[in-house]
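S.K.: First the structure, then my questions, so here it is.
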Amino acid sequence: MGIKGYIKRFALAAVATGTLLTGFILVAPATSGAATPTSATWAEPPSATPNFIFPFYPGSLCSVDNVEQFQFLMYRPLYWFGQGATAAESPSLSIGETPTYSNGNTTVTVNLKSYKWSNGESVTAQDVLFFMNIYHAQKANFCGYVPNLFPDNVTNVTASGTTVTFTFNHAYNNHWILYNELSQITPLPIAWDSTSAGAAPGTGGCSSAAYGTADAACTKVYTFLANAAGYNPGNPSAANNSLSTYDTNPLWQVVDGPWKLKTFNADGLTTMVPNPSYSGPVKPTLKSFTEEPYTSDTAEFDALVGGNLSVGYVPVQDLNKGTTNPTTAGPNNPRLTNFKLGALYTFGINYFPYNFSSTGDNGVAGKIFSQLYIRQAMQTLVDQPLYIKKIFKGYAVPTYGPVPVLPSNTYASSFEKQNPYPYDPAKAKALLTSHGWKVVPNGTDTCVKPGTGSGECGAGIPKGTPLKFNEQVSTGVQTTIEEVTAEKASWATEGINVTISQASFNTVIGNAVACPNGCAWELQNWGGGWTFAPDYYPSGEDLFVLGSVADYGDYNDSTNAKLVTATDNTNVPLTTWENYLAKQLPDVWQPNQAYVLTEAQKGLSGVFPQNVFTGITPETWRWK
């Protein structure tokens, strides 16, 4: 669920680790003679729990479970995206007013609304400068970073009262500036500007420094905050040993969002209470809000049927009938008559990356993936329409390229809405045999004609190389496993041998790191693709430009890079770029299933429409 981009990674990403806990809070709708409930309980996605609280997150922790469904409840971003069921920016929920542009669109001015931190201080332009100074010093540790773009393209940031001014190195697409640059900012409280527990706010020297002049000081502040949240920049793969402190560390109690953390369990059980200082337009009426973890969708469904959830989800396999229209919910499970069903589709795409730098398959996997014909053969064996019908019961839409086709938007081209690579085993076989491979159905193909000429396997692929890969897949969602199993079987018919292993969502995305100098992973499938955040305009620089934090597979194509630059710098539409990339197949495209089939108790209003970036807003929920 999309981590986002995150997978926002709001992109997004569909699952992560968790442990089933007992002691659910029973929250039933009010009936005649019964008291109106004062709290609500929401089900976290299966095996998907928040595990990072600091709103400056590296690619390995860039998931919707951490950002939209956890951090945003406490720490509001400068701009809020998702207006109704659309991907538009929401002026009413944004801290920043609509930006103004001057000096040939190189100067961008943002005025802030009157917001307060829970410690009584105002949210000011200095809080934005604090974030930008951290970003300048630690850009490689932020999920939204793309080399030569934000913040590299910012020559100055000044703060005065509630006005912050950005100076860019040249003019850019104004829509892109708002949706993909300013969108990344979360104001940070001056209370966090320190380098040790108990130190006076501001003593770190980062928030008050002129933009970009205090990298050493800001690095010390960042290191302190990241470690307090359980991420060690010096050892990124180390286990998070700070989860148990989230609800007691005074750092994380300074919030400007509608909620404050009351309790947090390392297994994901989270309880929040209203922030009485919240300055936003919608104040919570619930006295508490709880996020419940589940190890599987089956365990969550049992809790839902038992009445232990206010808002949860029904697994596709537990619906007797599907839908013929992905945007319209079909019949609900007859055991859930007390709930309203609604499908949520993220503004995202579903894919999993090839590792173009992989040293797997005896050091040759990356070389194999670099051959377009290999990617074409694999894609023509992914039967998206069949999976949508049989596995997802109609609750999915195809992914044929880098831009979402649903929710409805003006970005997706007519070409991308079609299928450039329809299911065709005969074509897949022909692609392989015509490029020097001996095809062994339900066995393992081998390269018999090495070389770079016509009819040969391609650069760096020796004779006898097997077409054999490892794919790590996240656990917890039955439909994901069914889809992966179907893909494996389909590839096997033409001798593409893929070995599947399973791990938690956090493990899968943690292993899917870019490694330009080479590493062993070949295919990493976290089951949810990408939700476009913290860059909300799907212009491609996050996922498909070499050096970007979220270019997990080290995809590198010069034509693609030039086309992406054109979409960022000018008002040229995405069409030429997205059509090109749809043909180039930088990833394995898969159906984008409904992120969740939400079940909300009928006595609870404000749950629908759902945010297309997976954000939850329990402050809008009202019991009747």
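If you're wondering about the labels, chains in the structure tokens are A, B, ... by order shown, residues count from 1 in each chain, ligands from 1 in order shown.
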Which residues come within 7 Å of region 170-173 of chain A, counting only C-alpha atoms, excluding same-chain residues fewer than 3 positions away, as a PyMOL selection string?

M.R.: chain A and resi 104-106+176-177+568-571

S.K.: Generate the output file for the selected residues, N, CA, C and O atoms, as an mmCIF file, in the first residue's frame.

M.R.:
```cif
data_model
loop_
_atom_site.group_PDB
_atom_site.id
_atom_site.type_symbol
_atom_site.label_atom_id
_atom_site.label_comp_id
_atom_site.auth_asym_id
_atom_site.auth_seq_id
_atom_site.Cartn_x
_atom_site.Cartn_y
_atom_site.Cartn_z
ATOM 1 N N GLY A 104 9.464 35.124 -12.750
ATOM 2 C CA GLY A 104 9.524 34.110 -13.793
ATOM 3 C C GLY A 104 9.340 32.706 -13.275
ATOM 4 O O GLY A 104 9.914 31.748 -13.807
ATOM 5 N N ASN A 105 8.526 32.574 -12.230
ATOM 6 C CA ASN A 105 8.207 31.272 -11.609
ATOM 7 C C ASN A 105 9.408 30.622 -10.925
ATOM 8 O O ASN A 105 9.410 29.417 -10.681
ATOM 9 N N THR A 106 10.422 31.417 -10.579
ATOM 10 C CA THR A 106 11.551 30.869 -9.833
ATOM 11 C C THR A 106 11.425 31.121 -8.335
ATOM 12 O O THR A 106 12.137 30.505 -7.547
ATOM 13 N N TRP A 176 3.606 20.788 -10.845
ATOM 14 C CA TRP A 176 4.600 19.848 -10.339
ATOM 15 C C TRP A 176 5.244 20.373 -9.057
ATOM 16 O O TRP A 176 5.491 19.610 -8.125
ATOM 17 N N ILE A 177 5.504 21.683 -8.986
ATOM 18 C CA ILE A 177 6.097 22.276 -7.776
ATOM 19 C C ILE A 177 5.216 21.996 -6.557
ATOM 20 O O ILE A 177 5.702 21.588 -5.499
ATOM 21 N N ASP A 568 8.731 17.663 -15.732
ATOM 22 C CA ASP A 568 8.977 18.423 -14.512
ATOM 23 C C ASP A 568 9.201 19.903 -14.791
ATOM 24 O O ASP A 568 8.756 20.770 -14.033
ATOM 25 N N ASN A 569 9.899 20.187 -15.871
ATOM 26 C CA ASN A 569 10.305 21.569 -16.148
ATOM 27 C C ASN A 569 9.264 22.382 -16.888
ATOM 28 O O ASN A 569 9.255 23.614 -16.796
ATOM 29 N N THR A 570 8.422 21.734 -17.655
ATOM 30 C CA THR A 570 7.465 22.458 -18.495
ATOM 31 C C THR A 570 6.063 21.912 -18.262
ATOM 32 O O THR A 570 5.855 20.956 -17.516
ATOM 33 N N ASN A 571 5.106 22.516 -18.937
ATOM 34 C CA ASN A 571 3.720 22.073 -18.803
ATOM 35 C C ASN A 571 3.345 20.997 -19.815
ATOM 36 O O ASN A 571 2.159 20.758 -20.064
#
```

S.K.: With a distance cut-off of 8 Å and only C-alpha atoms, select the neighbouring residues of region 377-389 of chain A, excluding the residue or stretch itself and same-chain residues fewer than 3 positions from it, and output the selection as a list in words.

M.R.: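 Answer for this query is Tyr373, Ile374, Phe392, Lys393, Gly394, Tyr395, Ala396, Val397, Pro398, Tyr421, Pro422, Tyr423, Asp424, Pro425, Lys427, Ala428, Lys429, Leu431, Leu432, Glu483, Glu487, Ser490, Trp491, Val588, Trp589, Gln590, Pro591 and Gln593 of chain A.
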
S.K.: DSSP on the backbone: what in region 353-516 of chain A comes out alpha helix (DSSP H), as a PyMOL selection string?

M.R.: chain A and resi 360-363+365-369+372-379+384-390+425-433+478-492+505-511

S.K.: Can you pull out every residue within 10 Å of Ala197 (chain A), counting only C-alpha atoms, but drop anything in the same chain fewer than 5 positions away, and send it as a ChimeraX atom specification?

M.R.: /A:192,224-225,228,249-251

S.K.: Please identify the strand (DSSP E or B) residues within region 345-515 of chain A (assignment by DSSP from backbone atoms) and present them as a ChimeraX atom specification.

M.R.: /A:348-354,358,396-397,437-438,446-447,451,458,466,468-474,497-503

S.K.: Listing only residues of region 128-239 of chain A within 12 Å of region 512-530 of chain A, what is the closest atom pair and its distance in Å (to one decimal) for each, using only C-alpha atoms, sorted by chain and residue number ascending, as a tab-separated table?

M.R.:
```
residue	atom	partner	partner_atom	distance
A:Ala140	CA	A:Ala514	CA	11.9
A:Cys143	CA	A:Val513	CA	11.6
A:Pro236	CA	A:Val513	CA	10.9
A:Ser237	CA	A:Val513	CA	10.8
```

S.K.: Using only C-alpha atoms, find the one residue out of A:Pro258, A:Gly540, A:Pro151, A:Gly547 that sits nearest to Leu563 (chain A).

M.R.: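 Answer, going by the shortest atom-to-atom distance: A:Gly540.
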
S.K.: Grab the CA of Phe613 (chain A) to CA of Asn409 (chain A) distance for me, in Å with one decimal place.

M.R.: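 Calculated distance between CA of Phe613 (chain A) and CA of Asn409 (chain A) is 13.9 Å.
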
S.K.: Show me, as JSON, numbers by chain, the residues that have an atom within 9 Å of Val128 (chain A) when counting only C-alpha atoms, minus same-chain residues fewer than 3 positions from it.

M.R.: {"A": [78, 123, 124, 125, 131, 132, 133, 159, 164, 185, 186, 187, 188, 189, 207]}

S.K.: Between A:Phe56, A:Phe289, A:Tyr278, A:Phe339, which residue has the minimum interatomic distance to Pro37 (chain A), considering only C-alpha atoms?

M.R.: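 Among the listed residues, A:Phe289 lies closest to Pro37 (chain A).
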